[in-house]
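Peer 1: Data: start05.pdb, PDB, C-alpha atoms, pLDDT in the B column.
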ATOM      1  CA  MET A   1      19.650 -43.537 -32.952  1.00 41.00           C
ATOM      2  CA  LEU A   2      23.305 -44.549 -32.841  1.00 43.00           C
ATOM      3  CA  THR A   3      24.118 -47.853 -31.242  1.00 43.00           C
ATOM      4  CA  PRO A   4      26.349 -47.601 -28.126  1.00 43.00           C
ATOM      5  CA  PRO A   5      29.554 -48.947 -29.776  1.00 43.00           C
ATOM      6  CA  ARG A   6      29.301 -46.647 -32.790  1.00 48.00           C
ATOM      7  CA  SER A   7      28.309 -43.547 -30.804  1.00 42.00           C
ATOM      8  CA  ALA A   8      31.110 -44.117 -28.319  1.00 44.00           C
ATOM      9  CA  GLY A   9      33.561 -44.490 -31.204  1.00 49.00           C
ATOM     10  CA  ILE A  10      32.392 -41.260 -32.801  1.00 46.00           C
ATOM     11  CA  PHE A  11      32.683 -39.527 -29.436  1.00 46.00           C
ATOM     12  CA  VAL A  12      36.303 -40.570 -29.034  1.00 50.00           C
ATOM     13  CA  SER A  13      37.120 -39.734 -32.674  1.00 53.00           C
ATOM     14  CA  LEU A  14      35.635 -36.274 -32.301  1.00 51.00           C
ATOM     15  CA  LEU A  15      37.595 -35.489 -29.165  1.00 52.00           C
ATOM     16  CA  LEU A  16      40.842 -36.785 -30.657  1.00 56.00           C
ATOM     17  CA  SER A  17      40.235 -34.645 -33.738  1.00 55.00           C
ATOM     18  CA  LEU A  18      39.648 -31.556 -31.628  1.00 52.00           C
ATOM     19  CA  ALA A  19      42.728 -32.302 -29.555  1.00 53.00           C
ATOM     20  CA  SER A  20      44.903 -32.623 -32.674  1.00 55.00           C
ATOM     21  CA  ARG A  21      43.556 -29.383 -34.166  1.00 53.00           C
ATOM     22  CA  ALA A  22      44.033 -27.491 -30.931  1.00 49.00           C
ATOM     23  CA  GLU A  23      47.600 -28.792 -30.553  1.00 51.00           C
ATOM     24  CA  ALA A  24      48.412 -27.802 -34.132  1.00 47.00           C
ATOM     25  CA  GLN A  25      47.216 -24.269 -33.425  1.00 48.00           C
ATOM     26  CA  GLY A  26      49.008 -24.076 -30.097  1.00 46.00           C
ATOM     27  CA  ALA A  27      45.714 -23.849 -28.229  1.00 57.00           C
ATOM     28  CA  SER A  28      44.789 -25.664 -25.052  1.00 72.00           C
ATOM     29  CA  LEU A  29      41.572 -27.610 -24.793  1.00 81.00           C
ATOM     30  CA  PRO A  30      38.904 -26.031 -22.602  1.00 89.00           C
ATOM     31  CA  SER A  31      37.989 -26.998 -19.082  1.00 94.00           C
ATOM     32  CA  VAL A  32      34.679 -28.732 -18.408  1.00 94.00           C
ATOM     33  CA  PHE A  33      32.497 -29.229 -15.337  1.00 96.00           C
ATOM     34  CA  VAL A  34      29.210 -31.140 -15.025  1.00 97.00           C
ATOM     35  CA  ILE A  35      26.378 -30.239 -12.638  1.00 98.00           C
ATOM     36  CA  GLY A  36      22.964 -31.723 -12.062  1.00 98.00           C
ATOM     37  CA  ASP A  37      20.778 -34.157 -10.183  1.00 98.00           C
ATOM     38  CA  SER A  38      21.181 -37.861  -9.366  1.00 97.00           C
ATOM     39  CA  HIS A  39      21.779 -38.799 -13.000  1.00 97.00           C
ATOM     40  CA  VAL A  40      25.104 -36.968 -12.788  1.00 98.00           C
ATOM     41  CA  GLU A  41      26.291 -39.546 -10.253  1.00 98.00           C
ATOM     42  CA  MET A  42      26.863 -41.712 -13.337  1.00 97.00           C
ATOM     43  CA  VAL A  43      26.896 -39.279 -16.263  1.00 96.00           C
ATOM     44  CA  GLY A  44      29.404 -37.014 -14.486  1.00 96.00           C
ATOM     45  CA  PRO A  45      32.261 -39.478 -13.977  1.00 95.00           C
ATOM     46  CA  MET A  46      31.682 -41.167 -17.341  1.00 93.00           C
ATOM     47  CA  LEU A  47      31.821 -37.912 -19.266  1.00 90.00           C
ATOM     48  CA  THR A  48      34.722 -36.362 -17.368  1.00 90.00           C
ATOM     49  CA  ALA A  49      36.750 -39.563 -17.706  1.00 88.00           C
ATOM     50  CA  ARG A  50      36.376 -39.551 -21.492  1.00 81.00           C
ATOM     51  CA  LEU A  51      37.257 -35.879 -21.679  1.00 80.00           C
ATOM     52  CA  SER A  52      40.339 -36.306 -19.494  1.00 82.00           C
ATOM     53  CA  GLU A  53      41.602 -39.152 -21.668  1.00 78.00           C
ATOM     54  CA  THR A  54      41.571 -36.921 -24.735  1.00 74.00           C
ATOM     55  CA  GLY A  55      43.254 -33.887 -23.192  1.00 77.00           C
ATOM     56  CA  PHE A  56      40.404 -31.760 -21.934  1.00 82.00           C
ATOM     57  CA  ARG A  57      40.729 -30.296 -18.463  1.00 91.00           C
ATOM     58  CA  ALA A  58      37.896 -32.115 -16.739  1.00 92.00           C
ATOM     59  CA  LEU A  59      37.316 -30.298 -13.461  1.00 97.00           C
ATOM     60  CA  GLY A  60      34.861 -32.812 -12.057  1.00 96.00           C
ATOM     61  CA  TYR A  61      31.151 -32.876 -11.420  1.00 98.00           C
ATOM     62  CA  GLU A  62      28.517 -32.005  -8.822  1.00 98.00           C
ATOM     63  CA  ALA A  63      25.609 -34.427  -8.411  1.00 98.00           C
ATOM     64  CA  ARG A  64      22.824 -33.473  -6.032  1.00 98.00           C
ATOM     65  CA  ARG A  65      20.303 -36.266  -5.645  1.00 97.00           C
ATOM     66  CA  GLY A  66      16.696 -35.142  -5.973  1.00 97.00           C
ATOM     67  CA  TRP A  67      17.585 -31.524  -6.755  1.00 98.00           C
ATOM     68  CA  SER A  68      15.664 -29.387  -9.217  1.00 98.00           C
ATOM     69  CA  THR A  69      16.642 -26.280 -11.141  1.00 98.00           C
ATOM     70  CA  ARG A  70      14.769 -24.183  -8.585  1.00 98.00           C
ATOM     71  CA  ARG A  71      16.537 -25.818  -5.660  1.00 98.00           C
ATOM     72  CA  TYR A  72      19.901 -24.903  -7.156  1.00 98.00           C
ATOM     73  CA  ARG A  73      18.613 -21.348  -7.436  1.00 98.00           C
ATOM     74  CA  GLU A  74      17.347 -21.334  -3.862  1.00 98.00           C
ATOM     75  CA  ALA A  75      20.687 -22.657  -2.588  1.00 98.00           C
ATOM     76  CA  GLY A  76      22.387 -19.799  -4.421  1.00 98.00           C
ATOM     77  CA  ASP A  77      25.861 -21.339  -4.379  1.00 98.00           C
ATOM     78  CA  LEU A  78      26.361 -22.265  -8.036  1.00 98.00           C
ATOM     79  CA  ARG A  79      28.697 -19.410  -8.916  1.00 98.00           C
ATOM     80  CA  ARG A  80      30.836 -20.024  -5.842  1.00 98.00           C
ATOM     81  CA  LEU A  81      30.913 -23.757  -6.618  1.00 98.00           C
ATOM     82  CA  LEU A  82      32.125 -23.204 -10.174  1.00 98.00           C
ATOM     83  CA  GLU A  83      34.692 -20.632  -9.104  1.00 98.00           C
ATOM     84  CA  ARG A  84      35.976 -23.005  -6.430  1.00 98.00           C
ATOM     85  CA  ARG A  85      36.260 -25.805  -9.007  1.00 97.00           C
ATOM     86  CA  GLY A  86      38.431 -23.745 -11.353  1.00 97.00           C
ATOM     87  CA  ARG A  87      36.023 -21.524 -13.327  1.00 98.00           C
ATOM     88  CA  PRO A  88      35.224 -24.054 -16.106  1.00 97.00           C
ATOM     89  CA  GLU A  89      34.933 -22.752 -19.648  1.00 95.00           C
ATOM     90  CA  ILE A  90      32.238 -25.281 -20.529  1.00 93.00           C
ATOM     91  CA  VAL A  91      29.478 -26.216 -18.092  1.00 96.00           C
ATOM     92  CA  VAL A  92      27.340 -29.271 -18.826  1.00 95.00           C
ATOM     93  CA  VAL A  93      24.003 -29.135 -16.989  1.00 97.00           C
ATOM     94  CA  SER A  94      21.705 -32.112 -16.427  1.00 97.00           C
ATOM     95  CA  LEU A  95      18.599 -30.729 -14.733  1.00 98.00           C
ATOM     96  CA  GLY A  96      14.878 -30.916 -15.371  1.00 97.00           C
ATOM     97  CA  GLY A  97      13.883 -34.375 -14.219  1.00 96.00           C
ATOM     98  CA  ASN A  98      12.912 -33.104 -10.772  1.00 97.00           C
ATOM     99  CA  ASP A  99      11.463 -29.790 -11.938  1.00 98.00           C
ATOM    100  CA  ARG A 100       7.825 -29.178 -11.006  1.00 97.00           C
ATOM    101  CA  VAL A 101       6.873 -26.246 -13.173  1.00 97.00           C
ATOM    102  CA  ALA A 102       4.318 -23.848 -11.702  1.00 94.00           C
ATOM    103  CA  SER A 103       4.351 -21.428 -14.628  1.00 97.00           C
ATOM    104  CA  ARG A 104       6.303 -20.830 -17.808  1.00 97.00           C
ATOM    105  CA  GLU A 105       7.432 -17.415 -16.580  1.00 97.00           C
ATOM    106  CA  ARG A 106       8.778 -18.700 -13.293  1.00 97.00           C
ATOM    107  CA  TYR A 107      10.529 -21.608 -14.977  1.00 98.00           C
ATOM    108  CA  ALA A 108      12.158 -19.241 -17.447  1.00 98.00           C
ATOM    109  CA  GLU A 109      13.539 -17.281 -14.496  1.00 98.00           C
ATOM    110  CA  ASP A 110      14.941 -20.438 -12.894  1.00 98.00           C
ATOM    111  CA  LEU A 111      16.670 -21.529 -16.095  1.00 98.00           C
ATOM    112  CA  ALA A 112      18.012 -18.035 -16.697  1.00 98.00           C
ATOM    113  CA  TRP A 113      19.478 -17.936 -13.195  1.00 98.00           C
ATOM    114  CA  ILE A 114      21.496 -21.114 -13.799  1.00 98.00           C
ATOM    115  CA  VAL A 115      22.809 -19.733 -17.073  1.00 98.00           C
ATOM    116  CA  ALA A 116      23.664 -16.309 -15.633  1.00 98.00           C
ATOM    117  CA  GLU A 117      25.508 -17.771 -12.640  1.00 98.00           C
ATOM    118  CA  ALA A 118      27.525 -20.149 -14.807  1.00 98.00           C
ATOM    119  CA  ARG A 119      28.552 -17.337 -17.139  1.00 98.00           C
ATOM    120  CA  ALA A 120      29.388 -15.079 -14.223  1.00 98.00           C
ATOM    121  CA  ALA A 121      31.745 -17.818 -13.003  1.00 98.00           C
ATOM    122  CA  GLY A 122      33.565 -17.821 -16.357  1.00 97.00           C
ATOM    123  CA  ALA A 123      31.648 -20.313 -18.505  1.00 97.00           C
ATOM    124  CA  ARG A 124      31.928 -19.522 -22.204  1.00 94.00           C
ATOM    125  CA  GLN A 125      29.546 -22.272 -23.321  1.00 92.00           C
ATOM    126  CA  LEU A 126      26.735 -24.219 -21.676  1.00 94.00           C
ATOM    127  CA  VAL A 127      25.429 -27.582 -22.829  1.00 92.00           C
ATOM    128  CA  TRP A 128      22.137 -28.580 -21.200  1.00 95.00           C
ATOM    129  CA  LEU A 129      21.013 -32.208 -21.202  1.00 96.00           C
ATOM    130  CA  GLY A 130      17.225 -32.303 -21.197  1.00 96.00           C
ATOM    131  CA  PRO A 131      15.147 -34.686 -19.071  1.00 97.00           C
ATOM    132  CA  ALA A 132      15.517 -38.377 -19.871  1.00 97.00           C
ATOM    133  CA  SER A 133      12.749 -40.748 -20.870  1.00 96.00           C
ATOM    134  CA  SER A 134      11.060 -43.008 -18.314  1.00 96.00           C
ATOM    135  CA  ASP A 135       9.783 -46.554 -18.629  1.00 96.00           C
ATOM    136  CA  ALA A 136       6.048 -46.227 -17.949  1.00 95.00           C
ATOM    137  CA  SER A 137       5.690 -50.008 -17.690  1.00 94.00           C
ATOM    138  CA  ALA A 138       7.651 -49.900 -14.424  1.00 96.00           C
ATOM    139  CA  GLY A 139       4.632 -48.462 -12.621  1.00 96.00           C
ATOM    140  CA  PRO A 140       2.482 -45.374 -11.978  1.00 96.00           C
ATOM    141  CA  ARG A 141       5.343 -43.335 -10.528  1.00 95.00           C
ATOM    142  CA  ALA A 142       7.511 -43.876 -13.591  1.00 96.00           C
ATOM    143  CA  ALA A 143       4.574 -43.078 -15.880  1.00 96.00           C
ATOM    144  CA  PHE A 144       3.825 -39.854 -14.004  1.00 95.00           C
ATOM    145  CA  THR A 145       7.481 -38.880 -14.000  1.00 96.00           C
ATOM    146  CA  GLY A 146       7.768 -39.590 -17.712  1.00 96.00           C
ATOM    147  CA  ALA A 147       4.815 -37.326 -18.503  1.00 96.00           C
ATOM    148  CA  ARG A 148       6.404 -34.526 -16.482  1.00 96.00           C
ATOM    149  CA  HIS A 149       9.702 -35.045 -18.271  1.00 97.00           C
ATOM    150  CA  GLU A 150       7.948 -34.649 -21.624  1.00 97.00           C
ATOM    151  CA  GLU A 151       6.454 -31.314 -20.603  1.00 97.00           C
ATOM    152  CA  ASN A 152       9.680 -30.025 -19.089  1.00 98.00           C
ATOM    153  CA  ALA A 153      11.731 -31.057 -22.110  1.00 97.00           C
ATOM    154  CA  GLU A 154       9.564 -29.062 -24.490  1.00 97.00           C
ATOM    155  CA  LEU A 155       9.716 -26.013 -22.224  1.00 98.00           C
ATOM    156  CA  GLN A 156      13.492 -26.277 -21.985  1.00 98.00           C
ATOM    157  CA  ARG A 157      13.804 -26.618 -25.750  1.00 97.00           C
ATOM    158  CA  GLU A 158      12.071 -23.271 -26.214  1.00 97.00           C
ATOM    159  CA  LEU A 159      13.364 -21.311 -23.239  1.00 98.00           C
ATOM    160  CA  LEU A 160      17.025 -22.295 -23.355  1.00 97.00           C
ATOM    161  CA  ALA A 161      17.280 -21.435 -27.047  1.00 95.00           C
ATOM    162  CA  ASP A 162      16.427 -17.865 -26.110  1.00 95.00           C
ATOM    163  CA  LEU A 163      19.279 -17.905 -23.604  1.00 96.00           C
ATOM    164  CA  GLY A 164      21.872 -19.018 -26.152  1.00 93.00           C
ATOM    165  CA  VAL A 165      22.332 -22.433 -24.523  1.00 94.00           C
ATOM    166  CA  ARG A 166      23.061 -25.618 -26.489  1.00 91.00           C
ATOM    167  CA  TRP A 167      20.199 -27.950 -25.512  1.00 93.00           C
ATOM    168  CA  ILE A 168      20.284 -31.653 -26.285  1.00 92.00           C
ATOM    169  CA  ASP A 169      17.161 -33.784 -26.221  1.00 93.00           C
ATOM    170  CA  SER A 170      18.011 -36.725 -23.974  1.00 95.00           C
ATOM    171  CA  ARG A 171      14.807 -38.641 -24.669  1.00 95.00           C
ATOM    172  CA  PRO A 172      15.919 -40.403 -27.882  1.00 93.00           C
ATOM    173  CA  LEU A 173      19.143 -41.417 -26.126  1.00 93.00           C
ATOM    174  CA  THR A 174      17.427 -42.913 -23.074  1.00 95.00           C
ATOM    175  CA  GLN A 175      14.772 -45.240 -24.477  1.00 95.00           C
ATOM    176  CA  THR A 176      16.325 -48.443 -23.130  1.00 96.00           C
ATOM    177  CA  HIS A 177      18.280 -49.885 -20.197  1.00 97.00           C
ATOM    178  CA  HIS A 178      16.153 -48.379 -17.438  1.00 96.00           C
ATOM    179  CA  GLY A 179      16.635 -49.459 -13.858  1.00 97.00           C
ATOM    180  CA  SER A 180      13.956 -51.150 -11.780  1.00 96.00           C
ATOM    181  CA  ASP A 181      12.294 -47.822 -10.889  1.00 96.00           C
ATOM    182  CA  GLY A 182      11.819 -46.932 -14.573  1.00 96.00           C
ATOM    183  CA  VAL A 183      13.378 -43.507 -14.010  1.00 97.00           C
ATOM    184  CA  HIS A 184      17.083 -44.155 -13.506  1.00 97.00           C
ATOM    185  CA  PHE A 185      19.296 -46.361 -15.688  1.00 97.00           C
ATOM    186  CA  THR A 186      21.721 -49.245 -15.699  1.00 97.00           C
ATOM    187  CA  ARG A 187      25.394 -48.578 -16.353  1.00 97.00           C
ATOM    188  CA  THR A 188      24.826 -49.435 -20.011  1.00 96.00           C
ATOM    189  CA  GLY A 189      21.985 -46.936 -20.174  1.00 96.00           C
ATOM    190  CA  TYR A 190      24.101 -44.155 -18.725  1.00 96.00           C
ATOM    191  CA  SER A 191      26.965 -45.022 -21.064  1.00 93.00           C
ATOM    192  CA  THR A 192      24.633 -44.756 -24.059  1.00 92.00           C
ATOM    193  CA  TRP A 193      23.298 -41.423 -22.829  1.00 93.00           C
ATOM    194  CA  THR A 194      26.800 -40.051 -22.233  1.00 91.00           C
ATOM    195  CA  ALA A 195      27.936 -41.040 -25.730  1.00 86.00           C
ATOM    196  CA  GLY A 196      24.934 -39.243 -27.173  1.00 81.00           C
ATOM    197  CA  VAL A 197      26.160 -35.805 -26.173  1.00 75.00           C
ATOM    198  CA  VAL A 198      28.457 -35.868 -29.226  1.00 58.00           C
ATOM    199  CA  PRO A 199      26.428 -33.335 -31.282  1.00 57.00           C
ATOM    200  CA  ALA A 200      26.326 -30.861 -28.409  1.00 60.00           C
ATOM    201  CA  LEU A 201      30.031 -31.166 -27.754  1.00 65.00           C
ATOM    202  CA  GLU A 202      30.805 -30.816 -31.453  1.00 57.00           C
ATOM    203  CA  SER A 203      28.923 -27.535 -31.661  1.00 56.00           C
ATOM    204  CA  ALA A 204      29.932 -26.144 -28.288  1.00 56.00           C
ATOM    205  CA  VAL A 205      33.502 -27.303 -27.820  1.00 60.00           C
ATOM    206  CA  ALA A 206      34.921 -26.694 -31.295  1.00 58.00           C
ATOM    207  CA  PRO A 207      34.223 -22.933 -31.393  1.00 48.00           C
ATOM    208  CA  THR A 208      35.476 -22.513 -27.831  1.00 42.00           C
ATOM    209  CA  THR A 209      38.649 -24.455 -28.546  1.00 42.00           C
ATOM    210  CA  LEU A 210      39.540 -23.022 -31.904  1.00 38.00           C
ATOM    211  CA  ASP A 211      38.001 -19.582 -32.117  1.00 39.00           C
ATOM    212  CA  ALA A 212      37.259 -18.606 -28.505  1.00 34.00           C
ATOM    213  CA  PRO A 213      34.428 -16.177 -29.342  1.00 35.00           C
ATOM    214  CA  GLU A 214      33.071 -13.818 -26.749  1.00 38.00           C
ATOM    215  CA  LEU A 215      29.545 -14.491 -25.560  1.00 34.00           C
ATOM    216  CA  GLY A 216      27.105 -11.772 -26.433  1.00 34.00           C
TER     217      GLY A 216
END
For this file, write the structure as structure tokens.
Peer 2:
Amino acid sequence: MLTPPRSAGIFVSLLLSLASRAEAQGASLPSVFVIGDSHVEMVGPMLTARLSETGFRALGYEARRGWSTRRYREAGDLRRLLERRGRPEIVVVSLGGNDRVASRERYAEDLAWIVAEARAAGARQLVWLGPASSDASAGPRAAFTGARHEENAELQRELLADLGVRWIDSRPLTQTHHGSDGVHFTRTGYSTWTAGVVPALESAVAPTTLDAPELG
């Protein structure tokens, strides 16, 4: 696992490289929006700030504390939200920590709904941050939550691949710097997690910026 200083440096270097290549080709960098649960209260502003500094059009973030993938589906306002926020070309999703999966089939439908609504609102690429790790030593609640995160992460890995979504495993990036509840993180922990999205951005942003392929 990359240490925070090195991963943050690679993150900035990558974005600067993409910005230079896009400028040389006369292309503009894509717009990005982040949606998710309470983790996005920290991940959202950290990520959008870094993107803005390097020339991306960061359109903001939507953090809904305690919300699951299904609750977003039940609310039914995701497409309208993304259209209202400027129809982002890249949507970063951080959901799964609050998901209580009743069946694989139903969960697949919930994930597919998020993806379909984002694409209908103009998203050309989606990057999905899987559930984070929990510190089981913090207590029974954290241990129970961590076990659920493990199950949900493996389901997301399989199901989102079938939907053509770039999924990043957050667990290796969130092993340390937990908060007192064992589920959320300190500022350092969120910074480390944010820096760890480098591989997903490299694979998702570069094609969108330079080649702009149509989604099939």
Peer 1: Can you pull out every residue within 12 Å of range 142-145 of chain A, counting all atoms listed in the file, but drop anything in the same chain fewer than 4 positions away, and send it as a list in words?
Peer 2: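 What passes the distance filter is Gly96, Gly97, Asn98, Asp99, Arg100, Pro131, Ala132, Ser133, Ser134, Asp135, Ala136, Ser137, Ala138, His149, Glu150, Glu151, Asn152, His178, Gly179, Ser180, Asp181, Gly182, Val183 and His184 of chain A.
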Peer 1: From the list A:Asp162, A:Thr192, A:Met46, A:Tyr107, which residue is nearest Thr176 in chain A when using only C-alpha atoms?
Peer 2: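 Result for the nearest residue to Thr176 in chain A: A:Thr192.
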Peer 1: Apply the PyMOL selection byres ((chain A and resi 29-34) around 6) to the file shown and report the selected residues as a PyMOL selection string.
Peer 2: chain A and resi 28+35+44+56-61+88-93+209
Peer 1: Which value, in Å to one decimal, gives the distance between CA of Arg166 in chain A and CA of Glu62 in chain A?
Peer 2: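 Taking CA of Arg166 in chain A and CA of Glu62 in chain A, their separation equals 19.6 Å.
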Peer 1: Name the residues in contact with Trp67 in chain A at a cut-off of 8 Å, using all atoms listed in the file, excluding same-chain residues fewer than 2 positions from it; report them as a PDB file with C-alpha atoms, in the coordinates of the input.
Peer 2:
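The new file result-v8.pdb reads:
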ATOM      1  CA  GLY A  36      22.964 -31.723 -12.062  1.00 98.00           C
ATOM      2  CA  ASP A  37      20.778 -34.157 -10.183  1.00 98.00           C
ATOM      3  CA  SER A  38      21.181 -37.861  -9.366  1.00 97.00           C
ATOM      4  CA  ARG A  64      22.824 -33.473  -6.032  1.00 98.00           C
ATOM      5  CA  ARG A  65      20.303 -36.266  -5.645  1.00 97.00           C
ATOM      6  CA  THR A  69      16.642 -26.280 -11.141  1.00 98.00           C
ATOM      7  CA  ARG A  71      16.537 -25.818  -5.660  1.00 98.00           C
ATOM      8  CA  TYR A  72      19.901 -24.903  -7.156  1.00 98.00           C
ATOM      9  CA  ASN A  98      12.912 -33.104 -10.772  1.00 97.00           C
TER      10      ASN A  98
END
Peer 1: Of the candidates A:Gly122, A:Pro172, A:Gly139, A:Gly130, which shows the shortest atom-to-atom distance to Arg84 in chain A, using all atoms listed in the file?
Peer 2: A:Gly122
Peer 1: From the set A:Ala118, A:Thr174, A:Val101, A:Trp113, which residue has the shortest atom-to-atom contact distance to Leu82 in chain A, counting only C-alpha atoms?
Peer 2: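 The answer is A:Ala118, which sits nearest to Leu82 in chain A.
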Peer 1: Identify which of the residues A:Thr54, A:Glu154, A:Ala63, A:Val197 lies closest to His39 in chain A, counting only C-alpha atoms when measuring atom-to-atom distances.
Peer 2: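 Once distances to His39 in chain A are computed over only C-alpha atoms, the minimum belongs to A:Ala63.
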Peer 1: Fix up range 148-160 of chain A with N, CA, C and O atoms, then write it as a compact mmCIF listing (two decimals), in the frame of the given file.
Peer 2:
# COMPACT_ATOMS: atom_id res chain seq x y z
N ARG A 148 5.83 -35.81 -16.91
CA ARG A 148 6.40 -34.53 -16.48
C ARG A 148 7.67 -34.21 -17.26
O ARG A 148 7.91 -33.06 -17.65
N HIS A 149 8.48 -35.24 -17.49
CA HIS A 149 9.70 -35.04 -18.27
C HIS A 149 9.39 -34.55 -19.68
O HIS A 149 10.12 -33.70 -20.22
N GLU A 150 8.33 -35.08 -20.28
CA GLU A 150 7.95 -34.65 -21.62
C GLU A 150 7.62 -33.16 -21.63
O GLU A 150 8.06 -32.41 -22.52
N GLU A 151 6.84 -32.72 -20.67
CA GLU A 151 6.45 -31.31 -20.60
C GLU A 151 7.67 -30.43 -20.35
O GLU A 151 7.84 -29.37 -20.99
N ASN A 152 8.51 -30.83 -19.42
CA ASN A 152 9.68 -30.02 -19.09
C ASN A 152 10.66 -29.95 -20.24
O ASN A 152 11.29 -28.91 -20.48
N ALA A 153 10.81 -31.04 -20.98
CA ALA A 153 11.73 -31.06 -22.11
C ALA A 153 11.31 -30.04 -23.17
O ALA A 153 12.15 -29.31 -23.71
N GLU A 154 10.03 -30.00 -23.47
CA GLU A 154 9.56 -29.06 -24.49
C GLU A 154 9.72 -27.62 -24.03
O GLU A 154 10.05 -26.73 -24.83
N LEU A 155 9.50 -27.36 -22.75
CA LEU A 155 9.72 -26.01 -22.22
C LEU A 155 11.19 -25.64 -22.31
O LEU A 155 11.54 -24.53 -22.72
N GLN A 156 12.06 -26.55 -21.91
CA GLN A 156 13.49 -26.28 -21.98
C GLN A 156 13.94 -26.02 -23.41
O GLN A 156 14.75 -25.11 -23.66
N ARG A 157 13.43 -26.79 -24.35
CA ARG A 157 13.80 -26.62 -25.75
C ARG A 157 13.56 -25.17 -26.19
O ARG A 157 14.40 -24.57 -26.87
N GLU A 158 12.43 -24.63 -25.81
CA GLU A 158 12.07 -23.27 -26.21
C GLU A 158 12.84 -22.22 -25.42
O GLU A 158 13.41 -21.28 -25.99
N LEU A 159 12.83 -22.36 -24.10
CA LEU A 159 13.36 -21.31 -23.24
C LEU A 159 14.88 -21.21 -23.28
O LEU A 159 15.44 -20.11 -23.25
N LEU A 160 15.57 -22.33 -23.35
CA LEU A 160 17.02 -22.30 -23.36
C LEU A 160 17.58 -21.79 -24.68
O LEU A 160 18.66 -21.20 -24.71
